[in-house]
$ cat coords09.tsv   # TSV, C-alpha atoms and all ligand atoms
chain	number	residue	atom	x	y	z
X	219	MET	CA	158.03	176.64	41.77
X	220	PRO	CA	161.49	175.66	43.02
X	221	ALA	CA	159.94	173.24	45.54
X	222	THR	CA	156.70	171.25	45.40
X	223	VAL	CA	155.42	169.38	48.44
X	224	ILE	CA	152.72	166.82	47.67
X	225	GLY	CA	150.65	165.87	50.73
X	226	GLY	CA	149.11	168.31	53.18
X	227	GLY	CA	149.15	166.23	56.34
X	228	ILE	CA	151.35	167.27	59.24
X	229	SER	CA	154.55	165.97	57.58
X	230	GLY	CA	153.87	167.91	54.36
X	231	VAL	CA	153.08	171.16	56.15
X	232	ALA	CA	156.16	170.77	58.38
X	233	CYS	CA	158.25	170.18	55.26
X	234	ALA	CA	156.79	173.20	53.43
X	235	ASN	CA	157.31	175.40	56.49
X	236	ALA	CA	160.97	174.35	56.78
X	237	LEU	CA	161.51	175.17	53.10
X	238	VAL	CA	159.94	178.67	53.24
X	239	ALA	CA	161.78	179.38	56.48
X	240	ALA	CA	164.99	178.82	54.48
X	241	GLY	CA	163.82	181.26	51.81
X	242	VAL	CA	162.59	178.70	49.24
X	243	ASP	CA	159.32	179.29	47.34
X	244	VAL	CA	157.02	176.32	47.98
X	245	HIS	CA	153.87	174.97	46.40
X	246	LEU	CA	151.96	172.59	48.72
X	247	ARG	CA	149.42	170.39	46.92
X	248	ASP	CA	146.86	168.10	48.53
X	249	ARG	CA	143.98	166.11	47.14
X	250	GLY	CA	141.68	166.77	50.10
X	251	ARG	CA	139.20	169.62	50.31
X	252	ARG	CA	141.01	170.66	53.50
X	253	LEU	CA	144.51	170.00	54.79
X	254	GLY	CA	145.12	167.62	57.67
X	255	GLY	CA	145.46	164.16	56.13
X	256	ARG	CA	145.06	161.52	58.81
X	257	MET	CA	144.72	164.22	61.50
X	258	ALA	CA	141.18	164.38	60.22
X	259	SER	CA	138.12	165.96	61.79
X	260	ARG	CA	134.73	165.80	60.09
X	261	THR	CA	131.93	168.23	60.75
X	262	LEU	CA	128.67	166.59	61.83
X	263	ARG	CA	125.73	167.25	59.50
X	264	ASP	CA	122.13	165.98	59.38
X	265	THR	CA	122.54	163.86	62.50
X	266	GLY	CA	119.08	164.72	63.81
X	267	THR	CA	120.74	165.77	67.08
X	268	SER	CA	121.77	169.15	68.45
X	269	TYR	CA	125.41	168.41	67.60
X	270	ASP	CA	125.35	169.35	63.91
X	271	GLY	CA	128.19	171.72	63.10
X	272	ARG	CA	130.47	170.11	65.68
X	273	ALA	CA	133.79	168.58	64.58
X	274	VAL	CA	134.71	164.96	65.44
X	275	ASP	CA	138.22	163.50	65.22
X	276	ILE	CA	137.95	160.48	62.93
X	277	GLY	CA	141.67	159.90	62.22
X	278	ALA	CA	144.46	160.22	64.77
X	279	SER	CA	143.04	160.05	68.29
X	280	TYR	CA	145.62	162.22	69.99
X	281	PHE	CA	149.35	162.77	69.96
X	282	THR	CA	152.25	162.56	72.38
X	283	ALA	CA	155.51	164.51	72.50
X	284	ARG	CA	158.96	163.38	73.60
X	285	ASP	CA	161.49	164.99	71.23
X	286	PRO	CA	162.64	168.40	72.59
X	287	SER	CA	161.92	170.19	69.30
X	288	PHE	CA	158.39	168.75	69.09
X	289	ILE	CA	157.78	169.50	72.78
X	290	ALA	CA	158.69	173.14	72.03
X	291	GLN	CA	156.28	173.14	69.08
X	292	VAL	CA	153.48	171.65	71.20
X	293	LYS	CA	154.05	174.34	73.85
X	294	THR	CA	153.55	177.01	71.17
X	295	TRP	CA	150.32	175.35	69.99
X	296	THR	CA	149.10	175.00	73.58
X	297	ALA	CA	149.83	178.66	74.36
X	298	ALA	CA	147.88	179.64	71.22
X	299	GLY	CA	144.90	177.47	72.28
X	300	THR	CA	145.13	175.23	69.18
X	301	VAL	CA	146.08	172.26	71.34
X	302	ARG	CA	145.09	171.18	74.84
X	303	GLU	CA	146.39	168.62	77.30
X	304	TRP	CA	143.77	165.87	77.21
X	305	THR	CA	144.71	163.08	79.60
X	306	ASP	CA	147.49	160.80	80.79
X	307	ALA	CA	145.21	157.89	81.72
X	308	PHE	CA	143.07	155.55	79.65
X	309	HIS	CA	140.92	152.63	80.69
X	310	VAL	CA	141.59	149.09	79.54
X	311	ALA	CA	138.80	146.66	78.70
X	312	GLY	CA	138.87	142.90	78.29
X	313	PRO	CA	136.21	140.33	77.45
X	314	SER	CA	134.44	141.02	80.76
X	315	GLY	CA	134.32	144.79	80.35
X	316	ILE	CA	136.40	147.61	81.84
X	317	GLU	CA	139.26	146.11	83.85
X	318	ALA	CA	141.73	148.84	84.79
X	319	VAL	CA	143.01	152.36	84.32
X	320	ARG	CA	146.50	152.74	82.91
X	321	SER	CA	148.66	155.86	83.14
X	322	GLY	CA	151.02	156.93	80.37
X	323	PRO	CA	152.41	160.04	78.75
X	324	MET	CA	150.31	163.18	78.34
X	325	ARG	CA	148.02	162.87	75.32
X	326	TYR	CA	147.28	166.09	73.46
X	327	ALA	CA	144.08	166.91	71.59
X	328	ALA	CA	142.65	169.99	69.84
X	329	PRO	CA	139.52	171.86	70.98
X	330	ARG	CA	138.46	172.50	67.35
X	331	GLY	CA	139.60	169.08	66.11
X	332	LEU	CA	143.07	167.80	65.22
X	333	ARG	CA	142.77	168.98	61.61
X	334	THR	CA	143.01	172.57	62.85
X	335	VAL	CA	146.50	171.90	64.22
X	336	VAL	CA	147.68	171.22	60.66
X	337	GLU	CA	145.64	174.03	59.09
X	338	ASP	CA	146.79	176.61	61.65
X	339	MET	CA	150.46	175.75	61.30
X	340	VAL	CA	150.74	176.54	57.56
X	341	ASP	CA	153.21	179.40	57.06
X	342	PRO	CA	151.39	182.14	55.11
X	343	ARG	CA	154.28	182.23	52.61
X	344	VAL	CA	153.42	178.68	51.44
X	345	ARG	CA	151.25	178.57	48.30
X	346	VAL	CA	148.56	175.95	48.95
X	347	THR	CA	146.36	174.13	46.44
X	348	SER	CA	143.65	171.82	47.80
X	349	ASP	CA	141.36	169.46	45.84
X	350	ASP	CA	144.45	168.65	43.78
X	351	ASP	CA	144.87	164.91	43.20
X	352	VAL	CA	148.40	164.72	41.80
X	353	ALA	CA	148.80	161.91	39.27
X	354	ALA	CA	152.45	162.40	38.27
X	355	LEU	CA	155.55	164.19	39.54
X	356	PRO	CA	155.61	167.81	38.33
X	357	ASP	CA	158.30	168.55	35.71
X	358	ASP	CA	158.74	172.16	36.71
X	359	ALA	CA	159.95	171.71	40.30
X	360	ASP	CA	163.63	171.66	41.30
X	361	VAL	CA	162.86	169.47	44.31
X	362	ILE	CA	159.78	167.43	45.20
X	363	ALA	CA	158.73	166.16	48.63
X	364	LEU	CA	156.19	163.34	48.80
X	365	CYS	CA	154.72	163.53	52.31
X	366	MET	CA	152.32	160.62	52.50
X	367	PRO	CA	152.23	156.86	53.20
X	368	LEU	CA	154.92	155.08	51.19
X	369	PRO	CA	152.49	152.97	49.10
X	370	GLN	CA	150.85	156.22	47.94
X	371	ALA	CA	154.24	157.86	47.24
X	372	ARG	CA	155.38	154.87	45.17
X	373	ARG	CA	152.39	155.37	42.86
X	374	LEU	CA	153.89	158.75	41.96
X	375	HIS	CA	157.54	157.71	41.76
X	376	ALA	CA	158.45	154.11	41.02
X	377	GLY	CA	162.09	154.87	41.93
X	378	ILE	CA	161.24	154.85	45.64
X	379	PRO	CA	162.39	151.50	47.04
X	380	GLU	CA	159.79	149.15	48.46
X	381	SER	CA	159.76	148.81	52.24
X	382	PRO	CA	159.00	145.68	54.28
X	383	ILE	CA	156.95	147.80	56.66
X	384	VAL	CA	153.29	146.77	56.65
X	385	TRP	CA	150.43	149.29	56.91
X	386	GLU	CA	147.29	148.36	58.82
X	387	PRO	CA	143.82	149.61	57.94
X	388	VAL	CA	141.31	151.01	60.42
X	389	ILE	CA	137.61	151.73	60.07
X	390	ALA	CA	136.65	154.54	62.46
X	391	VAL	CA	133.01	154.45	63.59
X	392	THR	CA	131.53	157.67	64.98
X	393	CYS	CA	128.54	157.28	67.33
X	394	VAL	CA	126.52	160.38	68.27
X	395	PHE	CA	124.21	159.79	71.24
X	396	GLU	CA	121.37	161.94	72.54
X	397	GLU	CA	123.00	162.08	75.96
X	398	ARG	CA	125.88	160.71	78.00
X	399	ASP	CA	124.98	157.34	79.47
X	400	TRP	CA	128.34	155.77	80.26
X	401	MET	CA	130.98	155.79	82.99
X	402	GLU	CA	133.55	158.57	83.05
X	403	ILE	CA	136.27	157.65	80.58
X	404	ASP	CA	138.59	159.49	78.21
X	405	GLY	CA	139.44	156.49	76.08
X	406	VAL	CA	139.42	152.71	76.35
X	407	PHE	CA	141.90	150.26	74.86
X	408	VAL	CA	139.84	147.17	74.04
X	409	ASN	CA	142.02	144.07	74.35
X	410	ASP	CA	141.43	140.56	73.00
X	411	ASP	CA	138.38	141.63	71.04
X	412	PRO	CA	137.83	140.66	67.39
X	413	VAL	CA	135.73	143.77	66.67
X	414	LEU	CA	137.20	146.82	68.43
X	415	THR	CA	140.65	147.98	69.53
X	416	TRP	CA	139.88	151.43	70.92
X	417	ILE	CA	137.07	153.80	71.91
X	418	ALA	CA	137.66	157.54	72.35
X	419	ASP	CA	135.28	159.84	74.16
X	420	ASP	CA	135.30	162.71	71.67
X	421	GLY	CA	133.41	165.04	74.03
X	422	ARG	CA	136.06	164.65	76.72
X	423	ARG	CA	138.81	164.84	74.12
X	424	ARG	CA	137.57	168.09	72.69
X	425	GLY	CA	136.51	169.46	76.07
X	426	ASP	CA	132.84	170.19	75.27
X	427	ASP	CA	131.46	166.95	76.80
X	428	ALA	CA	129.29	166.20	73.75
X	429	PRO	CA	127.99	162.59	73.87
X	430	VAL	CA	130.12	161.41	70.96
X	431	LEU	CA	132.27	158.27	70.85
X	432	VAL	CA	134.67	157.17	68.11
X	433	ALA	CA	135.52	153.46	67.94
X	434	HIS	CA	138.34	151.89	65.91
X	435	VAL	CA	137.56	148.55	64.31
X	436	HIS	CA	140.14	145.76	64.61
X	437	PRO	CA	142.56	145.82	61.63
X	438	VAL	CA	141.67	142.27	60.57
X	439	LEU	CA	137.94	143.03	60.52
X	440	SER	CA	138.65	146.41	58.88
X	441	ALA	CA	140.71	144.77	56.14
X	442	GLY	CA	137.75	142.60	55.20
X	443	HIS	CA	135.39	145.60	54.94
X	444	LEU	CA	137.40	148.25	53.11
X	445	ALA	CA	135.04	148.01	50.12
X	446	ASP	CA	131.98	148.55	52.31
X	447	PRO	CA	132.91	150.10	55.67
X	448	SER	CA	129.31	150.68	56.73
X	449	ALA	CA	128.83	146.89	56.89
X	450	VAL	CA	130.82	146.79	60.17
X	451	VAL	CA	128.64	149.40	61.86
X	452	PRO	CA	126.24	146.95	63.60
X	453	GLN	CA	129.13	144.95	65.09
X	454	ALA	CA	131.01	148.11	66.08
X	455	VAL	CA	127.96	149.69	67.76
X	456	ALA	CA	127.27	146.44	69.63
X	457	GLY	CA	130.92	146.41	70.76
X	458	VAL	CA	130.76	150.01	72.00
X	459	ARG	CA	127.48	149.43	73.89
X	460	ARG	CA	128.80	146.19	75.42
X	461	THR	CA	132.19	147.61	76.45
X	462	LEU	CA	130.77	150.73	78.07
X	463	ASP	CA	127.51	149.12	79.21
X	464	ILE	CA	125.39	151.67	77.35
X	465	GLY	CA	121.64	151.02	77.23
X	466	ALA	CA	120.75	153.46	74.46
X	467	TYR	CA	121.50	153.15	70.76
X	468	PRO	CA	123.35	156.01	69.08
X	469	ALA	CA	121.12	158.50	67.27
X	470	TRP	CA	123.56	158.73	64.36
X	471	VAL	CA	126.45	156.55	63.21
X	472	ASP	CA	129.04	156.83	60.46
X	473	ALA	CA	132.01	154.74	59.33
X	474	HIS	CA	135.20	156.12	57.78
X	475	ARG	CA	137.77	153.90	56.07
X	476	TRP	CA	141.54	154.41	56.44
X	477	THR	CA	143.25	152.00	54.06
X	478	TYR	CA	146.70	153.15	55.20
X	479	ALA	CA	145.95	154.08	58.80
X	480	LYS	CA	149.23	153.27	60.51
X	481	PRO	CA	152.54	151.63	59.64
X	482	LEU	CA	153.27	148.77	62.02
X	483	ASP	CA	156.89	149.89	62.33
X	484	ALA	CA	159.09	152.74	61.14
X	485	HIS	CA	162.58	153.37	59.80
X	486	GLU	CA	165.02	155.18	62.10
X	487	ASP	CA	166.09	157.39	59.18
X	488	PRO	CA	164.26	160.73	59.20
X	489	PHE	CA	163.25	160.46	55.52
X	490	TRP	CA	164.17	158.96	52.14
X	491	LEU	CA	166.00	161.00	49.51
X	492	SER	CA	166.80	159.99	45.93
X	493	ASP	CA	170.48	159.77	44.95
X	494	ASP	CA	170.21	162.96	42.89
X	495	GLY	CA	168.59	164.72	45.84
X	496	ARG	CA	165.54	165.82	43.80
X	497	VAL	CA	162.79	163.62	45.29
X	498	GLY	CA	162.25	162.96	48.99
X	499	VAL	CA	159.69	161.03	51.00
X	500	ALA	CA	158.62	161.91	54.55
X	501	GLY	CA	155.90	160.78	56.91
X	502	ASP	CA	155.17	158.62	59.92
X	503	MET	CA	157.06	155.54	58.71
X	504	TRP	CA	160.30	157.49	59.23
X	505	ALA	CA	161.93	159.24	62.19
X	506	ASP	CA	161.25	156.32	64.50
X	507	GLY	CA	157.43	156.65	64.08
X	508	PRO	CA	154.67	155.68	63.65
X	509	ARG	CA	153.12	158.70	65.27
X	510	VAL	CA	152.06	162.28	64.60
X	511	GLU	CA	155.28	163.42	66.25
X	512	ALA	CA	157.38	161.30	63.88
X	513	ALA	CA	155.53	162.70	60.86
X	514	TRP	CA	156.28	166.26	62.04
X	515	LEU	CA	159.95	165.43	62.69
X	516	SER	CA	160.29	163.64	59.35
X	517	GLY	CA	158.69	166.44	57.32
X	518	SER	CA	160.72	169.13	59.11
X	519	ALA	CA	163.97	167.22	58.51
X	520	LEU	CA	163.23	166.61	54.83
X	521	GLY	CA	162.35	170.29	54.30
X	522	ALA	CA	165.62	171.38	55.92
X	523	ALA	CA	167.63	168.88	53.83
X	524	LEU	CA	166.01	169.95	50.56
X	525	ALA	CA	166.58	173.61	51.44
X	526	ALA	CA	170.22	172.84	52.16
X	527	ARG	CA	170.51	171.09	48.81
X	528	MET	CA	169.02	174.09	47.04
X	529	ALA	CA	171.49	176.32	48.84
X	530	GLY	CA	174.29	174.15	47.41
X	531	ALA	CA	175.03	171.98	50.42
X	532	SER	CA	175.31	168.23	50.04
X	533	PRO	CA	172.07	166.42	50.99
X	534	HIS	CA	172.11	163.44	53.27
X	535	SER	CA	169.29	161.43	54.74
X	536	ARG	CA	170.58	160.79	58.22
H	1	LIG	C1	142.52	155.87	62.66
H	1	LIG	C2	143.87	156.44	62.98
H	1	LIG	C3	144.30	156.57	64.31
H	1	LIG	C4	145.53	157.12	64.62
H	1	LIG	N1	145.86	157.32	65.92
H	1	LIG	C5	147.01	157.97	66.22
H	1	LIG	C6	147.31	158.32	67.57
H	1	LIG	O1	146.52	158.08	68.48
H	1	LIG	N2	148.50	158.96	67.83
H	1	LIG	C7	149.38	159.28	66.83
H	1	LIG	O2	150.43	159.89	67.12
H	1	LIG	N3	149.11	158.97	65.54
H	1	LIG	C8	147.95	158.33	65.21
H	1	LIG	N4	147.65	158.04	63.92
H	1	LIG	C9	148.68	158.28	62.89
H	1	LIG	C10	148.76	159.77	62.51
H	1	LIG	O3	147.51	160.19	62.04
H	1	LIG	C11	149.80	159.89	61.41
H	1	LIG	O4	151.05	159.47	61.93
H	1	LIG	C12	150.02	161.31	60.88
H	1	LIG	O5	148.84	162.04	60.79
H	1	LIG	C13	150.69	161.15	59.51
H	1	LIG	O6	150.84	162.40	58.89
H	1	LIG	P1	151.46	162.44	57.43
H	1	LIG	O7	151.55	163.86	57.04
H	1	LIG	O8	152.74	161.66	57.40
H	1	LIG	O9	150.46	161.63	56.49
H	1	LIG	P2	148.95	161.94	56.12
H	1	LIG	O10	148.28	162.61	57.25
H	1	LIG	O11	148.38	160.67	55.62
H	1	LIG	O12	149.04	163.01	54.93
H	1	LIG	C14	149.23	162.60	53.61
H	1	LIG	C15	148.50	163.58	52.72
H	1	LIG	O13	148.85	163.30	51.36
H	1	LIG	C16	147.72	163.53	50.57
H	1	LIG	N5	147.92	162.77	49.32
H	1	LIG	C17	148.19	161.46	49.17
H	1	LIG	N6	148.32	161.15	47.87
H	1	LIG	C18	148.14	162.32	47.18
H	1	LIG	C19	148.15	162.65	45.80
H	1	LIG	N7	148.40	161.73	44.85
H	1	LIG	N8	147.92	163.95	45.43
H	1	LIG	C20	147.67	164.89	46.38
H	1	LIG	N9	147.65	164.63	47.71
H	1	LIG	C21	147.89	163.35	48.10
H	1	LIG	C22	146.55	163.05	51.39
H	1	LIG	O14	145.36	163.69	51.00
H	1	LIG	C23	146.99	163.48	52.81
H	1	LIG	O15	146.44	164.73	53.17
H	1	LIG	C24	146.41	157.52	63.57
H	1	LIG	C25	145.98	157.40	62.25
H	1	LIG	C26	144.73	156.88	61.95
H	1	LIG	C27	144.28	156.83	60.52
$ encode --input "coords09.tsv" --output "structure tokens" --more "lines below"
Ligand SMILES: Cc1cc2nc3c(=O)[nH]c(=O)nc-3n(C[C@H](O)[C@H](O)[C@H](O)COP(=O)(O)OP(=O)(O)OC[C@H]3O[C@@H](n4cnc5c(N)ncnc54)[C@H](O)[C@@H]3O)c2cc1C
Amino acid sequence: MPATVIGGGISGVACANALVAAGVDVHLRDRGRRLGGRMASRTLRDTGTSYDGRAVDIGASYFTARDPSFIAQVKTWTAAGTVREWTDAFHVAGPSGIEAVRSGPMRYAAPRGLRTVVEDMVDPRVRVTSDDDVAALPDDADVIALCMPLPQARRLHAGIPESPIVWEPVIAVTCVFEERDWMEIDGVFVNDDPVLTWIADDGRRRGDDAPVLVAHVHPVLSAGHLADPSAVVPQAVAGVRRTLDIGAYPAWVDAHRWTYAKPLDAHEDPFWLSDDGRVGVAGDMWADGPRVEAAWLSGSALGAALAARMAGASPHSR
């Protein structure tokens, strides 16, 4: 294959799409069973509730759009029904419980789960291999795009320079209840709390009103439990019940670990490209991230630059 993209999150799919749009044959490889990366939705199974078979967003909570090209992309997704406007207001909680409602930009979600945004956007001309844990750069590709967190990319190519940008971990705890027993919220930022930072109402997010909440554990607490994420479940469930004043216990709970959940900052450059123009890195620590939008912009820009290189133009990373 002339071009190999490793990483099937939104940056990798955007990169692969930009390459095929320019007429380049692309092989997209990802180690997951399904594409999506951190825009991850898991399907509920064996919960003992009537919600088995339903998808829950356990990675990114939502996304926002401010760049004109991404706004245009989001409009296309919204028109197709892949994406929906969720809310522009979240609650804020402090030590004494819910304190305020704060407005912000429109947050977008996906009725079938955020993973489907990534899956649905793959250009049919892209050759995709899943369940493919790449251990070394392929020899047979003219250009290679590594679309993943930088620490993961550096394991594949030591020539990528280190970055001072720190990545924080998150443990996402999914709580499935028998019924809704909390005030009307879309999401709650939990401030000054050593256990939780955020609770999303997944039923409101997805639009089916299922009694499902997803809580994000504080990065410091998460960092101490990456080897055994389920150990934080009791504290997380207590935090959810306390914050939302819920009497019942969840019927089913699960914890998912994200070692590289979010970079704390991002480079302004849209991507990194090696001096010989053969290997590039894209993702949410570029393009002024760290957000879904930045990952899309970064992957799209890297794909266009690699295509230009293959067409004989001089590559540049800004
Ligand atoms: C808990 C959590 C909450 C978040 N909340 C938000 C939010 O509210 N709003 C927002 O905008 N963003 C949020 N984000 C960030 C958002 O998810 C990311 O910015 C975006 O999804 C990054 O996409 P990406 O393609 O750059 O990377 P990823 O989605 O991480 O994709 C990288 C892909 O590379 C693959 N991969 C890695 N190594 C290999 C290998 N060796 N071989 C094969 N495949 C490999 C992985 O399987 C993965 O699919 C959140 C993230 C997390 C984890």
$ residues_around --input "coords09.tsv" --residues "Phe395 (chain X)" --least-positions-apart "3" --cutoff "8 Å" --atoms "all atoms listed in the file" --output "MDAnalysis selection string"
chainID X and resid 398 429:430 466:470
$ closest_residue --input "coords09.tsv" --among "X:Asp399, X:Asp426, X:Asp358, X:Asp248" --to "ligand LIG 1 (chain H)" --atoms "only C-alpha atoms and all ligand atoms"
X:Asp248
$ residues_around --input "coords09.tsv" --residues "Val223 (chain X)" --least-positions-apart "3" --cutoff "9 Å" --atoms "only C-alpha atoms" --output "list in words"
Gly226, Gly230, Val231, Cys233, Ala234, Val244, His245, Leu246, Arg247, Asp248, Val361, Ile362, Ala363, Leu364 and Cys365 of chain X
$ write_last_selection --input "coords09.tsv" --atoms "C-alpha atoms" --output "PDB file, in the coordinates of the input"
ATOM      1  CA  GLY X 226     149.110 168.310  53.180  1.00  0.00           C
ATOM      2  CA  GLY X 230     153.870 167.910  54.360  1.00  0.00           C
ATOM      3  CA  VAL X 231     153.080 171.160  56.150  1.00  0.00           C
ATOM      4  CA  CYS X 233     158.250 170.180  55.260  1.00  0.00           C
ATOM      5  CA  ALA X 234     156.790 173.200  53.430  1.00  0.00           C
ATOM      6  CA  VAL X 244     157.020 176.320  47.980  1.00  0.00           C
ATOM      7  CA  HIS X 245     153.870 174.970  46.400  1.00  0.00           C
ATOM      8  CA  LEU X 246     151.960 172.590  48.720  1.00  0.00           C
ATOM      9  CA  ARG X 247     149.420 170.390  46.920  1.00  0.00           C
ATOM     10  CA  ASP X 248     146.860 168.100  48.530  1.00  0.00           C
ATOM     11  CA  VAL X 361     162.860 169.470  44.310  1.00  0.00           C
ATOM     12  CA  ILE X 362     159.780 167.430  45.200  1.00  0.00           C
ATOM     13  CA  ALA X 363     158.730 166.160  48.630  1.00  0.00           C
ATOM     14  CA  LEU X 364     156.190 163.340  48.800  1.00  0.00           C
ATOM     15  CA  CYS X 365     154.720 163.530  52.310  1.00  0.00           C
TER      16      CYS X 365
END
$ closest_atom_pairs --input "coords09.tsv" --of "chain X" --to "ligand LIG 1 (chain H)" --cutoff "7 Å" --atoms "only C-alpha atoms and all ligand atoms" --output "Markdown table"
| residue | atom | partner | partner_atom | distance |
| --- | --- | --- | --- | --- |
| X:Ile224 | CA | H:LIG1 | N9 | 5.5 |
| X:Gly225 | CA | H:LIG1 | O13 | 3.2 |
| X:Gly226 | CA | H:LIG1 | O15 | 4.5 |
| X:Gly227 | CA | H:LIG1 | O7 | 3.4 |
| X:Ile228 | CA | H:LIG1 | O7 | 4.1 |
| X:Ser229 | CA | H:LIG1 | O7 | 3.7 |
| X:Gly230 | CA | H:LIG1 | O7 | 5.4 |
| X:Arg247 | CA | H:LIG1 | C20 | 5.8 |
| X:Asp248 | CA | H:LIG1 | N9 | 3.7 |
| X:Arg249 | CA | H:LIG1 | C20 | 4.0 |
| X:Gly250 | CA | H:LIG1 | O14 | 4.9 |
| X:Leu253 | CA | H:LIG1 | O15 | 5.8 |
| X:Gly254 | CA | H:LIG1 | O15 | 5.5 |
| X:Gly255 | CA | H:LIG1 | O15 | 3.2 |
| X:Arg256 | CA | H:LIG1 | O10 | 3.7 |
| X:Met257 | CA | H:LIG1 | O5 | 4.7 |
| X:Ile276 | CA | H:LIG1 | C1 | 6.5 |
| X:Gly277 | CA | H:LIG1 | C1 | 4.1 |
| X:Ala278 | CA | H:LIG1 | C4 | 3.3 |
| X:Ser279 | CA | H:LIG1 | O1 | 4.0 |
| X:Tyr280 | CA | H:LIG1 | O1 | 4.5 |
| X:Phe281 | CA | H:LIG1 | O2 | 4.2 |
| X:Thr282 | CA | H:LIG1 | O2 | 6.2 |
| X:Asp350 | CA | H:LIG1 | C20 | 5.6 |
| X:Asp351 | CA | H:LIG1 | N8 | 3.9 |
| X:Val352 | CA | H:LIG1 | N8 | 3.7 |
| X:Ala353 | CA | H:LIG1 | N7 | 5.6 |
| X:Cys365 | CA | H:LIG1 | O7 | 5.7 |
| X:Met366 | CA | H:LIG1 | C14 | 3.8 |
| X:Pro367 | CA | H:LIG1 | O11 | 5.9 |
| X:Gln370 | CA | H:LIG1 | N6 | 5.5 |
| X:Ala371 | CA | H:LIG1 | N6 | 6.8 |
| X:Leu374 | CA | H:LIG1 | N7 | 6.9 |
| X:Val388 | CA | H:LIG1 | C1 | 5.5 |
| X:Ile389 | CA | H:LIG1 | C1 | 6.9 |
| X:Ala390 | CA | H:LIG1 | C1 | 6.0 |
| X:His434 | CA | H:LIG1 | C1 | 6.6 |
| X:Trp476 | CA | H:LIG1 | C27 | 5.5 |
| X:Tyr478 | CA | H:LIG1 | C27 | 6.9 |
| X:Ala479 | CA | H:LIG1 | C27 | 3.6 |
| X:Lys480 | CA | H:LIG1 | C25 | 5.5 |
| X:Ala500 | CA | H:LIG1 | O8 | 6.5 |
| X:Gly501 | CA | H:LIG1 | O8 | 3.3 |
| X:Asp502 | CA | H:LIG1 | O8 | 4.6 |
| X:Pro508 | CA | H:LIG1 | O4 | 5.5 |
| X:Arg509 | CA | H:LIG1 | O2 | 3.5 |
| X:Val510 | CA | H:LIG1 | O2 | 3.8 |
| X:Glu511 | CA | H:LIG1 | O2 | 6.1 |
| X:Ala512 | CA | H:LIG1 | O4 | 6.9 |
| X:Ala513 | CA | H:LIG1 | O8 | 4.6 |
$ closest_residue --input "coords09.tsv" --among "X:Ala359, X:Val346, X:Val274, X:Val471" --to "Ala328 (chain X)" --atoms "only C-alpha atoms"
X:Val274
$ atom_distance --input "coords09.tsv" --atom1 "CA of Ile383 (chain X)" --atom2 "CA of Met503 (chain X)"
8.0 Å
$ axis_aligned_box --input "coords09.tsv" --around "region 344-349 of chain X" --padding-each-side "3 Å" --output "JSON"
{"center_x": 147.4, "center_y": 174.1, "center_z": 48.6, "size_x": 18.1, "size_y": 15.2, "size_z": 11.6}
$ closest_residue --input "coords09.tsv" --among "X:Arg325, X:Ala525, X:Val336, X:Ile378" --to "Asp493 (chain X)" --atoms "all atoms listed in the file"
X:Ile378
$ residues_around --input "coords09.tsv" --residues "region 296-298 of chain X" --least-positions-apart "4" --cutoff "10 Å" --atoms "all atoms listed in the file" --output "CSV table (one decimal) with C-alpha atoms, keeping the file's coordinate frame"
chain,number,residue,atom,x,y,z
X,290,ALA,CA,158.7,173.1,72.0
X,291,GLN,CA,156.3,173.1,69.1
X,292,VAL,CA,153.5,171.6,71.2
X,302,ARG,CA,145.1,171.2,74.8
X,303,GLU,CA,146.4,168.6,77.3
X,326,TYR,CA,147.3,166.1,73.5
X,327,ALA,CA,144.1,166.9,71.6
X,328,ALA,CA,142.6,170.0,69.8
$ closest_residue --input "coords09.tsv" --among "X:Asp270, X:Asp264, X:Asp472, X:Asp341" --to "Leu237 (chain X)" --atoms "all atoms listed in the file"
X:Asp341
$ atom_distance --input "coords09.tsv" --atom1 "CA of Ala307 (chain X)" --atom2 "CA of Gly322 (chain X)"
6.0 Å
